Amino acid sequence: MSSKADWPLWEVFVRAKRGVSHVHAGTVHAPDAELALQNARDLFTRRSEGVSLWVVKSNDITASDPDDSEALFEPAGDKSFRHPTDFELPDEVANM
Amino acid sequence: MGADVDALQERFDQLIEADDRIEPRDWMPAEYRKTLVRQIAQHAHSEVIGMQPEGNWLTRAPSLRRKAILTAKVQDEAGHGLYLYGAAETLGTPREELLDRLHTGRQKYSSIFNYPTLTWADVGAIGWLVDGAAIMNQVPLCRCSYGPYARAMIRICKEESFHQRQGFQIMLTLAEGTPDQKAMAQDALDRWWWPSIMMFGPPDTESVHGDQNMRWGIKRFGNDELRQKFIDATVPQADLLGLTIPDPDLYYDQETERYVHGTIDWGHFWDVVKGNGPCNSERMATRVGAHEGGTWVREAATAYAEKQAQRAEEAAA
């Protein structure tokens with residue numbers, strides 16, 4: 001089924017404006033990075049949605065396994081002391 | 001193993017119950033995945049085939065401005081198809097497989113695109129009615145339980161709004177024009193009205209997948225309710241244009257404050273779905289021809305990319 005006419009998948013990240021990070025927007029198919037950028041430009045920035053683009057081959061992304069979510073993310077759940085709101089201060093301390 | 005699947009199913013059910021989103025790598029019931037791939041792919045196919053009726057008028061748009069607008073709109077339809085194929089691919093079905101299902105007729109696209117665009121007014125009617133009906137269908141999909149589909153729909157809905165307005169403006173210009181121009185607008189409305197209200201699908205009493213899709217948060221409203229909302233929104237717009245909805249039985253019910261429409265010819269609808277519409281074979285031939293005609297371009301680009309990569313490797317060695 002797969003042939004030379006089938007291009008690999010790329011993930012596209014768009015920086016909406018200066019001062020903010022690139023954010024994942026979607027995917028394109030392209031034979032190489034240069035055309036992936038061109039296709040991303042045509043697909044995701046037709047209405048001035050971006051000032052910069054990143055493309056990366058989907059196969060090159062390593063993602064966490066949803067089955068590991070508990071082990072990875074739950075330990076943070078019982079450590080509310082990492083947040084400033086966990087500490088009650090006397091009213092007299094106006095700004096801290 | 002059984003216990004594992006039960007736990008996974010329970011987690012899935014909890015997310016659906018909480019109106020949270022399912023993401024690509026999450027476990028999901030096989031039937032949920034299959035339903036989504038089918039729905040998203042058929043939606044993508046519709047966007048792609050949808051370029052043809054309007055593309056028919058690109059070279060004959062009445063002004064350079066109209067031509068630029070229509071080009072942008074057709075380009076958006078291609079983009080919508082690509083957003084949607086991308087969302088379907090996150091469910092594990094590759095792009096070439098999705099296209100193959102369209103090209104071999106194993107999957108359908110919206111029957112609305114099997115009608116011809118006979119005059120420039122048809123471009124207006126498509127934007128106003130077809131894109132208007134699509135928006136009515138698509139806005140609830142922005143809250144679909146499957147994350148990538150919902151995100152694609154948010155982008156699409158933002159762009160559809162331009163499509164509907166440009167269509168209405170074409171109709172308005174014609175309706176305010178010469179008697180011939182106004183007659184042209186009326187003729188387009190006459191031909192597009194019934195197919196447009198059929199776009200919402202068969203009555204809920206005959207809809208096959210409706211209930212399960214509601215429970216899964218893939219569908220939020222029934223076909224009849226969306227159709228009613230569209231009619232209630234559109235009839236006053238036709239009045240504003242000074243055009244007549246081609247339904248002699250249509251009336252406004254003071255009590256329910258809703259329009260009541262005449263009988264829809266579902267026999268005709270199913271006939272077009274089965275392939276007997278005026279343009280079914282032409283649309284498919286054009287699509288398959290475009291794909292096959294482009295094979296050498298895709299192959300050449302792949303060969304070029306391979307050569308460039310090889311040269312870079314040699315230079316580095």
# chains A, B, ... in the order shown; residues from 1 in each chain; ligands from 1

$ select_by_dssp --residues "chain A" --states "alpha helix (DSSP H)" --output "MDAnalysis selection string"
chainID A and resid 33:44 69:73

$ interface_residues --of "chain B" --to "chain A" --cutoff "8 Å" --atoms "only C-alpha atoms" --output "PyMOL selection string"
chain B and resi 25-26+79+82-83+86+96+295-299+301-303+305

$ residues_around --residues "Asn280 of chain B" --least-positions-apart "4" --cutoff "10 Å" --atoms "only C-alpha atoms" --output "list of chain:residue names"
B:Ser111, B:Phe113, B:Asn114, B:Tyr115, B:Pro116, B:Val272, B:Val273, B:Lys274, B:Gly275, B:Asn276, B:Met284, B:Ala285

$ atom_distance --atom1 "atom CA of Val20 of chain A" --atom2 "atom CA of Cys144 of chain B"
27.7 Å

$ residues_around --residues "Glu257 of chain B" --least-positions-apart "4" --cutoff "10 Å" --atoms "only C-alpha atoms" --output "ChimeraX atom specification"
/B:232,252-253

$ write_last_selection --atoms "all heavy atoms" --output "CSV table (one decimal), in the first residue's frame"
chain,number,residue,atom,x,y,z
B,232,ASP,N,-35.2,27.8,11.2
B,232,ASP,CA,-35.6,29.0,12.0
B,232,ASP,C,-34.7,30.2,11.7
B,232,ASP,O,-35.1,31.3,11.7
B,232,ASP,CB,-35.6,28.7,13.5
B,232,ASP,CG,-36.8,27.7,13.8
B,232,ASP,OD1,-37.8,27.7,13.0
B,232,ASP,OD2,-36.7,27.1,14.9
B,252,TYR,N,-45.2,29.6,9.9
B,252,TYR,CA,-44.6,29.9,11.2
B,252,TYR,C,-45.7,29.6,12.2
B,252,TYR,O,-46.8,30.1,12.2
B,252,TYR,CB,-44.3,31.4,11.3
B,252,TYR,CG,-43.6,31.8,12.5
B,252,TYR,CD1,-42.3,31.5,12.8
B,252,TYR,CD2,-44.2,32.6,13.5
B,252,TYR,CE1,-41.6,31.8,14.0
B,252,TYR,CE2,-43.6,33.0,14.7
B,252,TYR,CZ,-42.3,32.6,14.9
B,252,TYR,OH,-41.7,32.9,16.1
B,253,ASP,N,-45.3,28.8,13.2
B,253,ASP,CA,-46.2,28.4,14.2
B,253,ASP,C,-46.1,29.3,15.4
B,253,ASP,O,-45.0,29.3,16.1
B,253,ASP,CB,-45.9,26.9,14.7
B,253,ASP,CG,-46.9,26.4,15.7
B,253,ASP,OD1,-47.6,27.2,16.4
B,253,ASP,OD2,-47.0,25.2,15.9

$ closest_residue --among "B:Pro195, B:Gly277, B:Gly217, B:Gly50" --to "Leu141 of chain B" --atoms "only C-alpha atoms"
B:Gly217

$ atom_distance --atom1 "atom CA of His24 of chain A" --atom2 "atom CA of Ala40 of chain A"
11.4 Å

$ select_by_dssp --residues "segment 2-92 of chain A" --states "strand (DSSP E)" --output "PDB file with all heavy atoms, in the first residue's frame"
ATOM      1  N   LEU A   9       4.618  11.827   7.993  1.00  0.00           N
ATOM      2  CA  LEU A   9       3.837  12.779   8.789  1.00  0.00           C
ATOM      3  C   LEU A   9       4.763  13.666   9.631  1.00  0.00           C
ATOM      4  O   LEU A   9       5.749  13.184  10.187  1.00  0.00           O
ATOM      5  CB  LEU A   9       2.916  11.962   9.699  1.00  0.00           C
ATOM      6  CG  LEU A   9       1.772  12.666  10.420  1.00  0.00           C
ATOM      7  CD1 LEU A   9       0.749  13.196   9.426  1.00  0.00           C
ATOM      8  CD2 LEU A   9       1.093  11.684  11.391  1.00  0.00           C
ATOM      9  N   TRP A  10       4.425  14.938   9.698  1.00  0.00           N
ATOM     10  CA  TRP A  10       5.185  15.919  10.497  1.00  0.00           C
ATOM     11  C   TRP A  10       4.240  16.617  11.468  1.00  0.00           C
ATOM     12  O   TRP A  10       3.103  16.907  11.115  1.00  0.00           O
ATOM     13  CB  TRP A  10       5.819  16.974   9.586  1.00  0.00           C
ATOM     14  CG  TRP A  10       6.741  16.422   8.551  1.00  0.00           C
ATOM     15  CD1 TRP A  10       6.397  15.719   7.428  1.00  0.00           C
ATOM     16  CD2 TRP A  10       8.175  16.516   8.541  1.00  0.00           C
ATOM     17  NE1 TRP A  10       7.526  15.375   6.724  1.00  0.00           N
ATOM     18  CE2 TRP A  10       8.626  15.843   7.369  1.00  0.00           C
ATOM     19  CE3 TRP A  10       9.117  17.105   9.391  1.00  0.00           C
ATOM     20  CZ2 TRP A  10       9.981  15.749   7.051  1.00  0.00           C
ATOM     21  CZ3 TRP A  10      10.456  17.015   9.054  1.00  0.00           C
ATOM     22  CH2 TRP A  10      10.882  16.336   7.904  1.00  0.00           C
ATOM     23  N   GLU A  11       4.749  16.891  12.670  1.00  0.00           N
ATOM     24  CA  GLU A  11       3.982  17.675  13.645  1.00  0.00           C
ATOM     25  C   GLU A  11       4.345  19.146  13.452  1.00  0.00           C
ATOM     26  O   GLU A  11       5.510  19.480  13.234  1.00  0.00           O
ATOM     27  CB  GLU A  11       4.324  17.260  15.082  1.00  0.00           C
ATOM     28  CG  GLU A  11       4.088  15.791  15.382  1.00  0.00           C
ATOM     29  CD  GLU A  11       2.621  15.383  15.343  1.00  0.00           C
ATOM     30  OE1 GLU A  11       1.763  16.200  15.731  1.00  0.00           O
ATOM     31  OE2 GLU A  11       2.340  14.241  14.911  1.00  0.00           O
ATOM     32  N   VAL A  12       3.347  20.017  13.530  1.00  0.00           N
ATOM     33  CA  VAL A  12       3.571  21.445  13.279  1.00  0.00           C
ATOM     34  C   VAL A  12       3.327  22.255  14.558  1.00  0.00           C
ATOM     35  O   VAL A  12       2.325  22.059  15.243  1.00  0.00           O
ATOM     36  CB  VAL A  12       2.623  21.967  12.172  1.00  0.00           C
ATOM     37  CG1 VAL A  12       2.825  23.459  11.945  1.00  0.00           C
ATOM     38  CG2 VAL A  12       2.824  21.175  10.885  1.00  0.00           C
ATOM     39  N   PHE A  13       4.270  23.153  14.853  1.00  0.00           N
ATOM     40  CA  PHE A  13       4.163  24.039  16.017  1.00  0.00           C
ATOM     41  C   PHE A  13       4.218  25.485  15.529  1.00  0.00           C
ATOM     42  O   PHE A  13       5.067  25.826  14.707  1.00  0.00           O
ATOM     43  CB  PHE A  13       5.303  23.771  16.998  1.00  0.00           C
ATOM     44  CG  PHE A  13       5.310  22.362  17.534  1.00  0.00           C
ATOM     45  CD1 PHE A  13       5.859  21.321  16.781  1.00  0.00           C
ATOM     46  CD2 PHE A  13       4.757  22.068  18.766  1.00  0.00           C
ATOM     47  CE1 PHE A  13       5.857  20.017  17.256  1.00  0.00           C
ATOM     48  CE2 PHE A  13       4.748  20.766  19.250  1.00  0.00           C
ATOM     49  CZ  PHE A  13       5.300  19.735  18.497  1.00  0.00           C
ATOM     50  N   VAL A  14       3.317  26.309  16.022  1.00  0.00           N
ATOM     51  CA  VAL A  14       3.210  27.698  15.556  1.00  0.00           C
ATOM     52  C   VAL A  14       3.427  28.663  16.720  1.00  0.00           C
ATOM     53  O   VAL A  14       2.833  28.507  17.789  1.00  0.00           O
ATOM     54  CB  VAL A  14       1.813  27.964  14.937  1.00  0.00           C
ATOM     55  CG1 VAL A  14       1.711  29.401  14.444  1.00  0.00           C
ATOM     56  CG2 VAL A  14       1.518  26.987  13.804  1.00  0.00           C
ATOM     57  N   ARG A  15       4.300  29.658  16.500  1.00  0.00           N
ATOM     58  CA  ARG A  15       4.418  30.757  17.468  1.00  0.00           C
ATOM     59  C   ARG A  15       3.458  31.846  16.996  1.00  0.00           C
ATOM     60  O   ARG A  15       3.632  32.394  15.901  1.00  0.00           O
ATOM     61  CB  ARG A  15       5.857  31.301  17.490  1.00  0.00           C
ATOM     62  CG  ARG A  15       6.079  32.365  18.567  1.00  0.00           C
ATOM     63  CD  ARG A  15       7.297  33.246  18.308  1.00  0.00           C
ATOM     64  NE  ARG A  15       8.591  32.580  18.352  1.00  0.00           N
ATOM     65  CZ  ARG A  15       9.236  32.222  19.474  1.00  0.00           C
ATOM     66  NH1 ARG A  15       8.702  32.457  20.646  1.00  0.00           N
ATOM     67  NH2 ARG A  15      10.412  31.637  19.403  1.00  0.00           N
ATOM     68  N   HIS A  22       6.066  28.370  20.885  1.00  0.00           N
ATOM     69  CA  HIS A  22       5.445  27.624  19.799  1.00  0.00           C
ATOM     70  C   HIS A  22       4.443  26.644  20.418  1.00  0.00           C
ATOM     71  O   HIS A  22       4.737  26.019  21.429  1.00  0.00           O
ATOM     72  CB  HIS A  22       6.492  26.837  19.010  1.00  0.00           C
ATOM     73  CG  HIS A  22       7.387  27.696  18.166  1.00  0.00           C
ATOM     74  ND1 HIS A  22       8.416  28.445  18.684  1.00  0.00           N
ATOM     75  CD2 HIS A  22       7.387  27.925  16.816  1.00  0.00           C
ATOM     76  CE1 HIS A  22       9.021  29.100  17.699  1.00  0.00           C
ATOM     77  NE2 HIS A  22       8.416  28.806  16.556  1.00  0.00           N
ATOM     78  N   VAL A  23       3.286  26.534  19.798  1.00  0.00           N
ATOM     79  CA  VAL A  23       2.232  25.641  20.303  1.00  0.00           C
ATOM     80  C   VAL A  23       1.837  24.665  19.198  1.00  0.00           C
ATOM     81  O   VAL A  23       1.789  25.047  18.010  1.00  0.00           O
ATOM     82  CB  VAL A  23       0.997  26.467  20.763  1.00  0.00           C
ATOM     83  CG1 VAL A  23      -0.168  25.563  21.141  1.00  0.00           C
ATOM     84  CG2 VAL A  23       1.368  27.375  21.923  1.00  0.00           C
ATOM     85  N   HIS A  24       1.570  23.429  19.577  1.00  0.00           N
ATOM     86  CA  HIS A  24       1.202  22.424  18.586  1.00  0.00           C
ATOM     87  C   HIS A  24      -0.088  22.818  17.855  1.00  0.00           C
ATOM     88  O   HIS A  24      -1.070  23.181  18.488  1.00  0.00           O
ATOM     89  CB  HIS A  24       0.997  21.065  19.268  1.00  0.00           C
ATOM     90  CG  HIS A  24       0.758  19.951  18.311  1.00  0.00           C
ATOM     91  ND1 HIS A  24      -0.444  19.300  18.217  1.00  0.00           N
ATOM     92  CD2 HIS A  24       1.565  19.400  17.373  1.00  0.00           C
ATOM     93  CE1 HIS A  24      -0.355  18.379  17.269  1.00  0.00           C
ATOM     94  NE2 HIS A  24       0.854  18.410  16.746  1.00  0.00           N
ATOM     95  N   ALA A  25      -0.065  22.765  16.523  1.00  0.00           N
ATOM     96  CA  ALA A  25      -1.245  23.164  15.753  1.00  0.00           C
ATOM     97  C   ALA A  25      -1.878  21.984  15.029  1.00  0.00           C
ATOM     98  O   ALA A  25      -3.081  21.965  14.792  1.00  0.00           O
ATOM     99  CB  ALA A  25      -0.857  24.235  14.733  1.00  0.00           C
ATOM    100  N   GLY A  26      -1.071  20.987  14.638  1.00  0.00           N
ATOM    101  CA  GLY A  26      -1.612  19.858  13.877  1.00  0.00           C
ATOM    102  C   GLY A  26      -0.506  19.167  13.112  1.00  0.00           C
ATOM    103  O   GLY A  26       0.662  19.233  13.518  1.00  0.00           O
ATOM    104  N   THR A  27      -0.876  18.531  12.008  1.00  0.00           N
ATOM    105  CA  THR A  27       0.105  17.763  11.236  1.00  0.00           C
ATOM    106  C   THR A  27       0.012  18.064   9.755  1.00  0.00           C
ATOM    107  O   THR A  27      -1.011  18.551   9.272  1.00  0.00           O
ATOM    108  CB  THR A  27      -0.124  16.244  11.415  1.00  0.00           C
ATOM    109  OG1 THR A  27      -1.471  15.929  11.036  1.00  0.00           O
ATOM    110  CG2 THR A  27       0.104  15.794  12.842  1.00  0.00           C
ATOM    111  N   VAL A  28       1.102  17.797   9.057  1.00  0.00           N
ATOM    112  CA  VAL A  28       1.100  17.828   7.590  1.00  0.00           C
ATOM    113  C   VAL A  28       1.862  16.609   7.088  1.00  0.00           C
ATOM    114  O   VAL A  28       2.626  16.001   7.847  1.00  0.00           O
ATOM    115  CB  VAL A  28       1.783  19.097   7.008  1.00  0.00           C
ATOM    116  CG1 VAL A  28       0.993  20.346   7.326  1.00  0.00           C
ATOM    117  CG2 VAL A  28       3.222  19.227   7.490  1.00  0.00           C
ATOM    118  N   HIS A  29       1.674  16.275   5.828  1.00  0.00           N
ATOM    119  CA  HIS A  29       2.512  15.268   5.176  1.00  0.00           C
ATOM    120  C   HIS A  29       3.469  16.007   4.254  1.00  0.00           C
ATOM    121  O   HIS A  29       3.076  16.983   3.603  1.00  0.00           O
ATOM    122  CB  HIS A  29       1.651  14.319   4.344  1.00  0.00           C
ATOM    123  CG  HIS A  29       0.934  13.304   5.160  1.00  0.00           C
ATOM    124  ND1 HIS A  29       1.395  12.033   5.338  1.00  0.00           N
ATOM    125  CD2 HIS A  29      -0.210  13.386   5.886  1.00  0.00           C
ATOM    126  CE1 HIS A  29       0.562  11.355   6.119  1.00  0.00           C
ATOM    127  NE2 HIS A  29      -0.423  12.166   6.471  1.00  0.00           N
ATOM    128  N   SER A  52       6.250  32.329  13.362  1.00  0.00           N
ATOM    129  CA  SER A  52       7.338  31.361  13.294  1.00  0.00           C
ATOM    130  C   SER A  52       6.767  29.952  13.330  1.00  0.00           C
ATOM    131  O   SER A  52       5.734  29.706  13.958  1.00  0.00           O
ATOM    132  CB  SER A  52       8.280  31.588  14.480  1.00  0.00           C
ATOM    133  OG  SER A  52       9.191  30.516  14.611  1.00  0.00           O
ATOM    134  N   LEU A  53       7.424  29.030  12.623  1.00  0.00           N
ATOM    135  CA  LEU A  53       6.940  27.639  12.556  1.00  0.00           C
ATOM    136  C   LEU A  53       8.055  26.669  12.917  1.00  0.00           C
ATOM    137  O   LEU A  53       9.220  26.906  12.580  1.00  0.00           O
ATOM    138  CB  LEU A  53       6.498  27.312  11.116  1.00  0.00           C
ATOM    139  CG  LEU A  53       5.219  27.941  10.574  1.00  0.00           C
ATOM    140  CD1 LEU A  53       5.150  27.745   9.062  1.00  0.00           C
ATOM    141  CD2 LEU A  53       3.997  27.330  11.247  1.00  0.00           C
ATOM    142  N   TRP A  54       7.677  25.594  13.583  1.00  0.00           N
ATOM    143  CA  TRP A  54       8.566  24.445  13.757  1.00  0.00           C
ATOM    144  C   TRP A  54       7.880  23.253  13.123  1.00  0.00           C
ATOM    145  O   TRP A  54       6.658  23.086  13.266  1.00  0.00           O
ATOM    146  CB  TRP A  54       8.733  24.081  15.238  1.00  0.00           C
ATOM    147  CG  TRP A  54       9.586  24.972  16.060  1.00  0.00           C
ATOM    148  CD1 TRP A  54      10.403  25.979  15.645  1.00  0.00           C
ATOM    149  CD2 TRP A  54       9.697  24.919  17.495  1.00  0.00           C
ATOM    150  NE1 TRP A  54      11.023  26.561  16.727  1.00  0.00           N
ATOM    151  CE2 TRP A  54      10.606  25.940  17.874  1.00  0.00           C
ATOM    152  CE3 TRP A  54       9.137  24.125  18.491  1.00  0.00           C
ATOM    153  CZ2 TRP A  54      10.954  26.173  19.207  1.00  0.00           C
ATOM    154  CZ3 TRP A  54       9.476  24.357  19.809  1.00  0.00           C
ATOM    155  CH2 TRP A  54      10.385  25.368  20.167  1.00  0.00           C
ATOM    156  N   VAL A  55       8.650  22.386  12.470  1.00  0.00           N
ATOM    157  CA  VAL A  55       8.111  21.082  12.063  1.00  0.00           C
ATOM    158  C   VAL A  55       9.063  20.006  12.564  1.00  0.00           C
ATOM    159  O   VAL A  55      10.277  20.201  12.580  1.00  0.00           O
ATOM    160  CB  VAL A  55       7.951  20.957  10.528  1.00  0.00           C
ATOM    161  CG1 VAL A  55       6.844  21.867  10.017  1.00  0.00           C
ATOM    162  CG2 VAL A  55       9.260  21.233   9.810  1.00  0.00           C
ATOM    163  N   VAL A  56       8.509  18.894  13.005  1.00  0.00           N
ATOM    164  CA  VAL A  56       9.331  17.774  13.455  1.00  0.00           C
ATOM    165  C   VAL A  56       8.637  16.485  13.024  1.00  0.00           C
ATOM    166  O   VAL A  56       7.404  16.396  13.078  1.00  0.00           O
ATOM    167  CB  VAL A  56       9.565  17.832  14.980  1.00  0.00           C
ATOM    168  CG1 VAL A  56       8.262  17.858  15.742  1.00  0.00           C
ATOM    169  CG2 VAL A  56      10.415  16.661  15.464  1.00  0.00           C
ATOM    170  N   LYS A  57       9.422  15.534  12.548  1.00  0.00           N
ATOM    171  CA  LYS A  57       8.838  14.261  12.115  1.00  0.00           C
ATOM    172  C   LYS A  57       8.096  13.607  13.270  1.00  0.00           C
ATOM    173  O   LYS A  57       8.634  13.492  14.373  1.00  0.00           O
ATOM    174  CB  LYS A  57       9.936  13.313  11.621  1.00  0.00           C
ATOM    175  CG  LYS A  57      10.170  13.401  10.146  1.00  0.00           C
ATOM    176  CD  LYS A  57      10.919  12.186   9.642  1.00  0.00           C
ATOM    177  CE  LYS A  57      11.145  12.358   8.148  1.00  0.00           C
ATOM    178  NZ  LYS A  57      12.353  11.700   7.698  1.00  0.00           N
TER     179      LYS A  57
END

$ residues_around --residues "Asp190 of chain B" --least-positions-apart "3" --cutoff "10 Å" --atoms "only C-alpha atoms" --output "list of chain:residue names"
B:Ala125, B:Met184, B:Ala185, B:Gln186, B:Asp187, B:Trp193, B:Trp194, B:Pro195, B:Leu243, B:Thr244, B:Ile245, B:Pro246, B:Asp247

$ write_last_selection --atoms "N, CA, C and O atoms" --output "PDB file, in the first residue's frame"
ATOM      1  N   ALA B 125     -25.522  30.687  -3.127  1.00  0.00           N
ATOM      2  CA  ALA B 125     -26.439  29.794  -2.396  1.00  0.00           C
ATOM      3  C   ALA B 125     -25.656  28.748  -1.592  1.00  0.00           C
ATOM      4  O   ALA B 125     -26.038  28.395  -0.474  1.00  0.00           O
ATOM      5  N   MET B 184     -32.186  34.902 -10.932  1.00  0.00           N
ATOM      6  CA  MET B 184     -31.083  33.954 -10.859  1.00  0.00           C
ATOM      7  C   MET B 184     -30.872  33.509  -9.405  1.00  0.00           C
ATOM      8  O   MET B 184     -30.657  32.320  -9.114  1.00  0.00           O
ATOM      9  N   ALA B 185     -30.972  34.469  -8.473  1.00  0.00           N
ATOM     10  CA  ALA B 185     -30.824  34.152  -7.043  1.00  0.00           C
ATOM     11  C   ALA B 185     -31.957  33.235  -6.587  1.00  0.00           C
ATOM     12  O   ALA B 185     -31.738  32.256  -5.870  1.00  0.00           O
ATOM     13  N   GLN B 186     -33.183  33.539  -7.049  1.00  0.00           N
ATOM     14  CA  GLN B 186     -34.341  32.713  -6.663  1.00  0.00           C
ATOM     15  C   GLN B 186     -34.196  31.287  -7.202  1.00  0.00           C
ATOM     16  O   GLN B 186     -34.470  30.312  -6.501  1.00  0.00           O
ATOM     17  N   ASP B 187     -33.714  31.185  -8.421  1.00  0.00           N
ATOM     18  CA  ASP B 187     -33.528  29.870  -9.043  1.00  0.00           C
ATOM     19  C   ASP B 187     -32.508  29.037  -8.246  1.00  0.00           C
ATOM     20  O   ASP B 187     -32.706  27.831  -8.030  1.00  0.00           O
ATOM     21  N   TRP B 193     -32.352  24.637  -1.707  1.00  0.00           N
ATOM     22  CA  TRP B 193     -33.044  24.597  -0.413  1.00  0.00           C
ATOM     23  C   TRP B 193     -33.219  23.177   0.136  1.00  0.00           C
ATOM     24  O   TRP B 193     -32.776  22.850   1.223  1.00  0.00           O
ATOM     25  N   TRP B 194     -33.889  22.332  -0.679  1.00  0.00           N
ATOM     26  CA  TRP B 194     -34.194  20.986  -0.169  1.00  0.00           C
ATOM     27  C   TRP B 194     -32.943  20.156   0.086  1.00  0.00           C
ATOM     28  O   TRP B 194     -32.818  19.542   1.172  1.00  0.00           O
ATOM     29  N   PRO B 195     -31.978  20.134  -0.861  1.00  0.00           N
ATOM     30  CA  PRO B 195     -30.739  19.402  -0.556  1.00  0.00           C
ATOM     31  C   PRO B 195     -30.050  19.924   0.715  1.00  0.00           C
ATOM     32  O   PRO B 195     -29.477  19.144   1.480  1.00  0.00           O
ATOM     33  N   LEU B 243     -36.580  36.840  -1.207  1.00  0.00           N
ATOM     34  CA  LEU B 243     -36.680  35.593  -1.964  1.00  0.00           C
ATOM     35  C   LEU B 243     -37.651  34.651  -1.256  1.00  0.00           C
ATOM     36  O   LEU B 243     -37.919  34.803  -0.065  1.00  0.00           O
ATOM     37  N   THR B 244     -38.175  33.686  -2.011  1.00  0.00           N
ATOM     38  CA  THR B 244     -39.187  32.776  -1.480  1.00  0.00           C
ATOM     39  C   THR B 244     -38.623  31.375  -1.285  1.00  0.00           C
ATOM     40  O   THR B 244     -38.068  30.786  -2.218  1.00  0.00           O
ATOM     41  N   ILE B 245     -38.767  30.838  -0.063  1.00  0.00           N
ATOM     42  CA  ILE B 245     -38.363  29.457   0.203  1.00  0.00           C
ATOM     43  C   ILE B 245     -39.287  28.537  -0.600  1.00  0.00           C
ATOM     44  O   ILE B 245     -40.515  28.685  -0.522  1.00  0.00           O
ATOM     45  N   PRO B 246     -38.722  27.615  -1.371  1.00  0.00           N
ATOM     46  CA  PRO B 246     -39.556  26.798  -2.273  1.00  0.00           C
ATOM     47  C   PRO B 246     -40.294  25.672  -1.538  1.00  0.00           C
ATOM     48  O   PRO B 246     -40.164  24.504  -1.894  1.00  0.00           O
ATOM     49  N   ASP B 247     -41.048  26.046  -0.509  1.00  0.00           N
ATOM     50  CA  ASP B 247     -41.807  25.056   0.261  1.00  0.00           C
ATOM     51  C   ASP B 247     -43.191  25.650   0.533  1.00  0.00           C
ATOM     52  O   ASP B 247     -43.359  26.438   1.464  1.00  0.00           O
TER      53      ASP B 247
END
